[in-house]
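Heads up, work-v7.cif below (mmCIF, C-alpha atoms):
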```cif
data_target
#
loop_
_atom_site.label_atom_id
_atom_site.label_comp_id
_atom_site.auth_asym_id
_atom_site.auth_seq_id
_atom_site.Cartn_x
_atom_site.Cartn_y
_atom_site.Cartn_z
CA MET A 26 11.31 11.95 -9.70
CA GLY A 27 12.06 15.08 -7.73
CA ARG A 28 9.21 14.42 -5.33
CA GLU A 29 10.20 10.81 -4.70
CA HIS A 30 13.84 11.78 -4.26
CA LYS A 31 12.81 14.39 -1.70
CA ILE A 32 10.85 11.77 0.27
CA ILE A 33 13.62 9.18 0.28
CA ALA A 34 16.32 11.72 1.08
CA ALA A 35 14.38 13.14 4.03
CA ILE A 36 13.37 9.79 5.49
CA GLY A 37 16.82 8.31 4.99
CA ALA A 38 18.67 11.22 6.60
CA ARG A 39 16.31 12.14 9.43
CA THR A 40 14.52 8.98 10.59
CA ASP A 41 15.26 5.37 11.51
CA VAL A 42 13.03 4.07 8.72
CA PRO A 43 15.33 2.11 6.36
CA VAL A 44 15.48 3.24 2.74
CA ALA A 45 18.01 2.92 -0.06
CA PRO A 46 20.14 6.06 0.53
CA ALA A 47 19.54 8.74 -2.09
CA LEU A 48 22.83 9.68 -3.77
CA GLY A 49 21.67 12.36 -6.16
CA LEU A 50 18.94 13.82 -8.39
CA CYS A 51 19.41 14.89 -11.99
CA THR A 52 16.74 17.07 -13.63
CA ASP A 53 18.70 17.71 -16.83
CA VAL A 54 16.77 15.76 -19.49
CA ALA A 55 19.77 15.95 -21.81
CA VAL A 56 21.50 13.35 -19.67
CA ASN A 57 18.95 10.53 -19.76
CA ASP A 58 15.94 11.91 -21.67
CA ALA A 59 14.08 12.31 -18.37
CA PRO A 60 14.74 13.38 -14.77
CA PHE A 61 16.16 10.59 -12.60
CA TYR A 62 17.75 9.93 -9.24
CA VAL A 63 20.34 7.43 -8.05
CA MET A 64 20.17 5.34 -4.86
CA LYS A 65 22.86 3.38 -3.09
CA PHE A 66 22.77 -0.40 -3.57
CA VAL A 67 21.21 -2.33 -0.69
CA ALA A 68 21.92 -6.05 -0.42
CA GLY A 69 19.04 -8.42 0.22
CA HIS A 70 15.98 -10.04 -1.29
CA VAL A 71 12.71 -8.67 -2.65
CA ILE A 72 10.22 -11.29 -1.49
CA THR A 73 7.01 -11.37 -3.50
CA ASP A 74 5.62 -14.88 -3.01
CA ALA A 75 5.42 -17.81 -0.61
CA THR A 76 7.71 -20.05 -2.68
CA THR A 77 10.56 -17.56 -2.56
CA VAL A 78 10.35 -16.96 1.17
CA SER A 79 10.19 -20.71 1.84
CA LYS A 80 13.47 -21.20 -0.01
CA LEU A 81 15.28 -18.32 1.65
CA PHE A 82 14.14 -18.21 5.26
CA THR A 83 13.24 -20.63 8.03
CA PRO A 84 9.88 -20.34 9.85
CA ALA A 85 11.64 -18.70 12.79
CA GLN A 86 13.25 -16.15 10.48
CA ARG A 87 9.90 -15.46 8.83
CA HIS A 88 8.50 -14.49 12.21
CA GLU A 89 11.41 -12.06 12.62
CA ILE A 90 10.70 -10.63 9.17
CA GLY A 91 7.09 -10.04 10.13
CA GLU A 92 8.13 -8.25 13.32
CA SER A 93 10.55 -6.09 11.39
CA LEU A 94 8.01 -5.23 8.69
CA VAL A 95 5.43 -4.11 11.24
CA GLY A 96 8.05 -2.30 13.29
CA VAL A 97 9.22 -0.26 10.31
CA LEU A 98 5.64 0.72 9.45
CA ALA A 99 5.02 1.77 13.05
CA ARG A 100 8.16 3.92 13.05
CA LEU A 101 7.16 5.54 9.77
CA HIS A 102 3.71 6.42 11.08
CA LEU A 103 5.16 8.00 14.23
CA VAL A 104 7.35 10.39 12.24
CA ASP A 105 6.27 14.04 12.36
CA PRO A 106 6.45 15.06 8.67
CA ASP A 107 7.06 18.71 9.56
CA SER A 108 10.13 17.77 11.58
CA ILE A 109 11.86 16.18 8.58
CA GLY A 110 10.89 18.71 5.93
CA LEU A 111 7.95 16.82 4.45
CA GLY A 112 5.14 18.92 5.91
CA ASP A 113 4.34 20.25 2.44
CA LEU A 114 4.11 16.82 0.82
CA GLY A 115 0.32 17.01 0.76
CA ARG A 116 -2.75 17.93 2.75
CA LYS A 117 -2.81 16.17 6.10
CA GLU A 118 -6.55 16.34 6.68
CA ALA A 119 -9.51 14.73 4.88
CA TYR A 120 -7.44 11.88 3.44
CA LEU A 121 -10.33 9.50 2.81
CA PRO A 122 -12.62 12.06 1.10
CA ARG A 123 -9.76 13.08 -1.17
CA GLN A 124 -8.84 9.50 -2.02
CA LEU A 125 -12.43 8.43 -2.62
CA ASN A 126 -12.96 11.36 -4.96
CA ARG A 127 -9.66 10.81 -6.77
CA TRP A 128 -10.12 7.11 -7.45
CA ARG A 129 -13.83 7.45 -8.21
CA THR A 130 -12.90 9.97 -10.89
CA GLN A 131 -10.13 7.67 -12.13
CA TRP A 132 -12.56 4.75 -12.32
CA GLU A 133 -15.14 6.72 -14.29
CA LYS A 134 -12.52 7.94 -16.77
CA SER A 135 -10.81 4.59 -17.34
CA LYS A 136 -13.46 1.90 -16.82
CA THR A 137 -13.87 -0.51 -19.73
CA ARG A 138 -17.24 -1.92 -18.58
CA GLU A 139 -19.86 -1.45 -15.94
CA LEU A 140 -19.05 -3.10 -12.61
CA PRO A 141 -21.90 -2.47 -10.13
CA ALA A 142 -19.80 -3.65 -7.17
CA MET A 143 -17.52 -0.64 -7.60
CA ASP A 144 -20.48 1.74 -7.30
CA GLU A 145 -21.95 -0.04 -4.28
CA VAL A 146 -18.61 -0.09 -2.48
CA HIS A 147 -18.03 3.61 -3.14
CA GLU A 148 -21.44 4.50 -1.73
CA ALA A 149 -20.78 2.42 1.38
CA LEU A 150 -17.30 3.86 1.89
CA VAL A 151 -18.70 7.39 1.76
CA ALA A 152 -21.58 6.56 4.11
CA LEU A 153 -19.45 4.71 6.67
CA MET A 154 -16.33 6.88 6.54
CA PRO A 155 -14.61 6.99 9.97
CA GLU A 156 -13.01 10.05 11.47
CA GLN A 157 -9.31 10.41 10.69
CA LYS A 158 -7.55 9.70 13.99
CA TYR A 159 -3.90 9.14 13.11
CA THR A 160 -2.28 11.53 10.65
CA GLY A 161 1.20 11.04 9.27
CA ILE A 162 3.26 9.84 6.32
CA VAL A 163 1.34 7.27 4.26
CA HIS A 164 3.52 5.05 2.08
CA GLY A 165 0.62 4.03 -0.17
CA ASP A 166 1.90 0.59 -1.22
CA TYR A 167 3.38 -0.92 1.93
CA ARG A 168 3.95 -4.67 1.71
CA LEU A 169 6.80 -7.14 1.93
CA GLY A 170 7.16 -7.19 -1.86
CA ASN A 171 8.04 -3.49 -1.78
CA CYS A 172 10.90 -3.98 0.68
CA ILE A 173 14.41 -5.39 0.59
CA THR A 174 14.79 -8.06 3.26
CA GLY A 175 18.32 -8.64 4.49
CA ALA A 176 19.93 -12.01 5.18
CA ASN A 177 19.48 -11.22 8.89
CA ALA A 178 15.67 -11.41 8.45
CA ARG A 179 15.26 -7.66 8.94
CA ILE A 180 13.88 -5.05 6.58
CA ALA A 181 16.93 -3.41 4.98
CA ALA A 182 15.06 -0.86 2.86
CA VAL A 183 11.52 0.19 1.97
CA LEU A 184 11.07 0.81 -1.77
CA ASP A 185 8.52 2.35 -4.17
CA TRP A 186 7.56 5.65 -2.57
CA GLU A 187 5.81 7.12 -5.61
CA LEU A 188 2.35 6.92 -3.97
CA CYS A 189 3.55 8.40 -0.69
CA THR A 190 1.56 11.30 0.75
CA LEU A 191 0.30 12.69 4.03
CA GLY A 192 -2.95 11.52 5.56
CA ASP A 193 -4.62 8.68 7.43
CA ALA A 194 -1.98 6.21 8.63
CA LEU A 195 -4.53 3.41 8.94
CA ALA A 196 -4.75 3.30 5.14
CA ASP A 197 -1.31 1.65 5.09
CA LEU A 198 -2.39 -0.86 7.72
CA GLY A 199 -5.48 -1.81 5.71
CA TYR A 200 -3.34 -2.29 2.61
CA LEU A 201 -0.87 -4.48 4.49
CA MET A 202 -3.71 -6.66 5.81
CA ASN A 203 -4.95 -7.21 2.25
CA ASN A 204 -1.51 -8.48 1.28
CA TRP A 205 -1.18 -10.72 4.32
CA ALA A 206 -2.24 -14.35 4.41
CA GLU A 207 -2.44 -17.15 6.87
CA PRO A 208 -1.47 -20.64 5.60
CA GLY A 209 -4.18 -22.28 3.51
CA GLU A 210 -6.12 -19.06 3.10
CA ALA A 211 -7.49 -18.12 -0.32
CA GLY A 212 -8.27 -14.45 -0.88
CA GLY A 213 -10.96 -13.33 -3.30
CA SER A 214 -8.49 -10.98 -4.96
CA ALA A 215 -5.75 -13.62 -4.91
CA ALA A 216 -3.48 -10.96 -3.37
CA ALA A 217 -3.42 -12.57 0.04
CA ALA A 218 -3.22 -16.12 -1.27
CA ALA A 219 -0.09 -15.21 -3.24
CA SER A 220 1.44 -13.32 -0.31
CA PRO A 221 4.82 -14.40 1.13
CA SER A 222 3.14 -14.86 4.51
CA ALA A 223 1.10 -17.76 3.09
CA ALA A 224 4.29 -19.83 3.51
CA GLY A 225 3.72 -20.01 7.25
CA GLY A 226 5.88 -18.92 10.14
CA PHE A 227 4.61 -15.35 10.00
CA GLN A 228 2.26 -13.67 12.43
CA THR A 229 -1.49 -13.93 12.02
CA ARG A 230 -3.38 -10.81 10.97
CA ALA A 231 -4.56 -10.39 14.55
CA GLU A 232 -0.97 -10.57 15.79
CA VAL A 233 0.14 -8.00 13.21
CA LEU A 234 -2.55 -5.59 14.39
CA ALA A 235 -1.70 -6.18 18.04
CA LEU A 236 2.01 -5.62 17.41
CA TYR A 237 1.37 -2.42 15.45
CA SER A 238 -0.91 -1.15 18.21
CA SER A 239 1.64 -1.88 20.94
CA LEU A 240 4.47 -0.21 19.01
CA THR A 241 2.50 2.93 18.17
CA GLY A 242 0.42 3.12 21.35
CA ARG A 243 -2.65 3.54 19.16
CA PRO A 244 -5.85 1.52 19.59
CA ILE A 245 -6.80 0.08 16.20
CA THR A 246 -10.42 0.13 15.05
CA ASN A 247 -12.24 -0.04 11.74
CA VAL A 248 -9.47 -1.96 10.00
CA ASP A 249 -12.00 -3.73 7.78
CA TYR A 250 -13.15 -0.35 6.48
CA TYR A 251 -9.61 0.46 5.39
CA ARG A 252 -9.24 -3.01 3.88
CA ALA A 253 -12.41 -2.50 1.83
CA PHE A 254 -11.17 0.92 0.76
CA GLN A 255 -7.82 -0.49 -0.36
CA TYR A 256 -9.40 -3.35 -2.35
CA TRP A 257 -11.66 -0.80 -4.09
CA ARG A 258 -8.80 1.64 -4.70
CA LEU A 259 -6.58 -1.07 -6.14
CA ALA A 260 -9.38 -2.21 -8.44
CA ALA A 261 -9.58 1.33 -9.83
CA ILE A 262 -5.80 1.44 -10.29
CA VAL A 263 -5.63 -1.91 -12.10
CA GLU A 264 -8.59 -0.98 -14.32
CA GLY A 265 -6.64 2.10 -15.39
CA VAL A 266 -3.62 -0.04 -16.23
CA MET A 267 -5.77 -2.43 -18.27
CA ALA A 268 -7.39 0.46 -20.11
CA ARG A 269 -3.98 1.74 -21.16
CA TYR A 270 -3.04 -1.71 -22.46
CA LEU A 271 -6.28 -1.88 -24.45
CA LYS A 272 -5.47 1.50 -26.01
CA GLY A 273 -1.99 0.25 -26.97
CA VAL A 274 -0.26 2.81 -24.78
CA MET A 275 1.66 0.16 -22.83
CA GLY A 276 2.27 -2.34 -25.62
CA ALA A 277 0.23 -5.32 -26.74
CA ASN A 278 1.61 -8.10 -24.54
CA ALA A 279 -0.97 -8.24 -21.78
CA ASP A 280 -3.48 -10.84 -20.64
CA THR A 281 -6.53 -8.62 -20.33
CA ASN A 282 -8.64 -11.56 -19.15
CA ALA A 283 -6.30 -11.92 -16.18
CA PHE A 284 -6.59 -8.19 -15.54
CA ARG A 285 -10.39 -8.40 -15.54
CA ALA A 286 -10.34 -11.39 -13.20
CA GLN A 287 -8.08 -9.51 -10.79
CA ILE A 288 -10.26 -6.39 -10.87
CA ASP A 289 -13.43 -8.43 -10.39
CA GLY A 290 -11.82 -10.22 -7.44
CA LEU A 291 -10.73 -6.97 -5.82
CA ALA A 292 -14.18 -5.42 -6.24
CA SER A 293 -15.81 -8.56 -4.86
CA SER A 294 -13.50 -8.58 -1.82
CA ALA A 295 -14.28 -4.93 -1.15
CA LEU A 296 -18.01 -5.56 -1.48
CA SER A 297 -17.91 -8.52 0.91
CA LEU A 298 -16.17 -6.39 3.52
CA VAL A 299 -18.41 -3.32 3.30
CA ARG A 300 -21.50 -5.51 3.60
CA THR A 301 -20.24 -6.68 6.99
CA LEU A 302 -19.40 -3.22 8.31
CA GLY A 303 -22.87 -2.08 9.29
CA GLY A 304 -22.88 1.18 11.23
CA ILE A 305 -19.26 1.23 12.33
CA ARG A 306 -18.68 4.93 11.70
CA GLU A 307 -16.70 6.30 14.68
#
```
Once you've parsed the file, please lay out its structure as structure tokens.
Amino acid sequence: MGREHKIIAAIGARTDVPVAPALGLCTDVAVNDAPFYVMKFVAGHVITDATTVSKLFTPAQRHEIGESLVGVLARLHLVDPDSIGLGDLGRKEAYLPRQLNRWRTQWEKSKTRELPAMDEVHEALVALMPEQKYTGIVHGDYRLGNCITGANARIAAVLDWELCTLGDALADLGYLMNNWAEPGEAGGSAAAAASPSAAGGFQTRAEVLALYSSLTGRPITNVDYYRAFQYWRLAAIVEGVMARYLKGVMGANADTNAFRAQIDGLASSALSLVRTLGGIRE
């Protein structure tokens, strides 16, 4: 809680990236049995699916939402973490090696079955790893469903900073692309197919990348590598969640078959991408 409060407080006070303003942190467990922080209320909608966005916003407004979402991410990635007191949030260098090692270890500790695709993808990600070009604040779970969208079709606040760290900014862009859909598209992981952008009116993936590049002044390459990495990483995360359900740690009300289908889809999507990468290391 203290770490997340520090992130939100710094970004809210010292940048133009919108967050729910942090009002205070309490570390006295006698108050609430655990440390907690309080944020100011932000009016708006958390949009997680195409049906919701279709009811709330016109196609023209959806295009504005897309512009705002990409613009906020670009502004976040241009922030110098040292200048806002977040230079000690984590190591800035070697983001991909650290992440690949972390989630490989997580997978091995929590896996409930053998899934060869996960091993093949990991080997390919290590072999084809690109050089880290753009270092900054990485949100870790950046998508429309983790934002509050205001009635004016602008992002009013970015939420869920618990995975935030320092490292390769393109990791966020790869994650966003995996949660972005064009109308009629079906993603292997079902993440894109269920995305709000599947409703239509939003930018295409190519337009998102072009907008991000123009706003940051950074040429974008190897996006499919980062997409494959994020599918693989998310598969490891979801496997860990399923394992905890199977152990009874998180209660008994879980559809483990649905979990397995999601994990299999994520691994398959990652595998399909890495098999098209070839020798793209740059």
Distance atom CA of A:Ser293-atom CA of A:Tyr200, one decimal place?
15.8 Å
Once the PyMOL selection byres ((chain A and resi 107) around 12) is applied to the coordinates I shared, what remains selected? I want it as a ChimeraX atom specification.
/A:35-36,39,103-106,108-117,160-162,191
Gap from atom CA of A:Ser220 to atom CA of A:Glu89 - Å, one decimal:
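Calculated distance between atom CA of A:Ser220 and atom CA of A:Glu89 is 16.4 Å.
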What are the nearest atom pairs, with distances in Å to one decimal, for all residues of stretch 245-302 of chain A that come at most 8 Å from stretch 125-128 of chain A, using all atoms listed in the file, set out by chain and rising residue number as JSON lines?
```
{"residue": "A:Arg258", "atom": "CA", "partner": "A:Trp128", "partner_atom": "CA", "distance": 6.3}
{"residue": "A:Ala261", "atom": "CA", "partner": "A:Trp128", "partner_atom": "CA", "distance": 6.3}
{"residue": "A:Ile262", "atom": "CA", "partner": "A:Trp128", "partner_atom": "CA", "distance": 7.7}
```
Could you list, as a list in words, every residue matched by the PyMOL selection byres ((chain A and resi 28-30) around 7) in this structure?
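Taken over the shown coordinates, the PyMOL selection byres ((chain A and resi 28-30) around 7) returns Met26, Gly27, Lys31, Ile32, Ile33, Ala34, Ala47, Leu50, Tyr62, Trp186 and Glu187 of chain A.
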Two-atom distance - atom CA of A:Asp74, atom CA of A:Pro221 (Å):
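Separation between atom CA of A:Asp74 and atom CA of A:Pro221: 4.2 Å.
If only C-alpha atoms are the atoms counted, then among A:Val183, A:Ala295, A:Ala99, A:Met267 the closest residue to A:Asn203 is A:Ala295.
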For A:Leu140, which of A:Leu302, A:Ala260, A:Leu153, A:Val274 is the closest residue, counting only C-alpha atoms?
A:Ala260
Just say which residues the PyMOL selection byres ((chain A and resi 95) around 12) picks in this file, as a VMD selection string.
chain A and resid 42 88 to 94 96 to 102 167 to 169 172 179 to 180 183 197 to 198 201 to 202 205 227 to 228 230 232 to 241
Give me, as number ranges by chain, all polymer residues having an atom no more than 12 Å from A:Val67, counting all atoms listed in the file and skipping those fewer than 3 positions away in the same chain.
A: 43-47, 64, 70-71, 172-176, 180-184
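Using only C-alpha atoms, the nearest neighbour of A:Gly226 within the list A:Arg123, A:Arg252, A:Lys80, A:Arg87 is A:Arg87.
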Shell around A:Phe284 at 9 Å using only C-alpha atoms, local window under 3 positions removed, as a PyMOL selection string
chain A and resi 263-264+266-267+279-281+287-289
Counting all atoms listed in the file, which of A:Asp53, A:Glu133, A:Asp193, A:Asp144 gets nearest to A:Val248?
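Using all atoms listed in the file, A:Val248 sits closest to A:Asp193.
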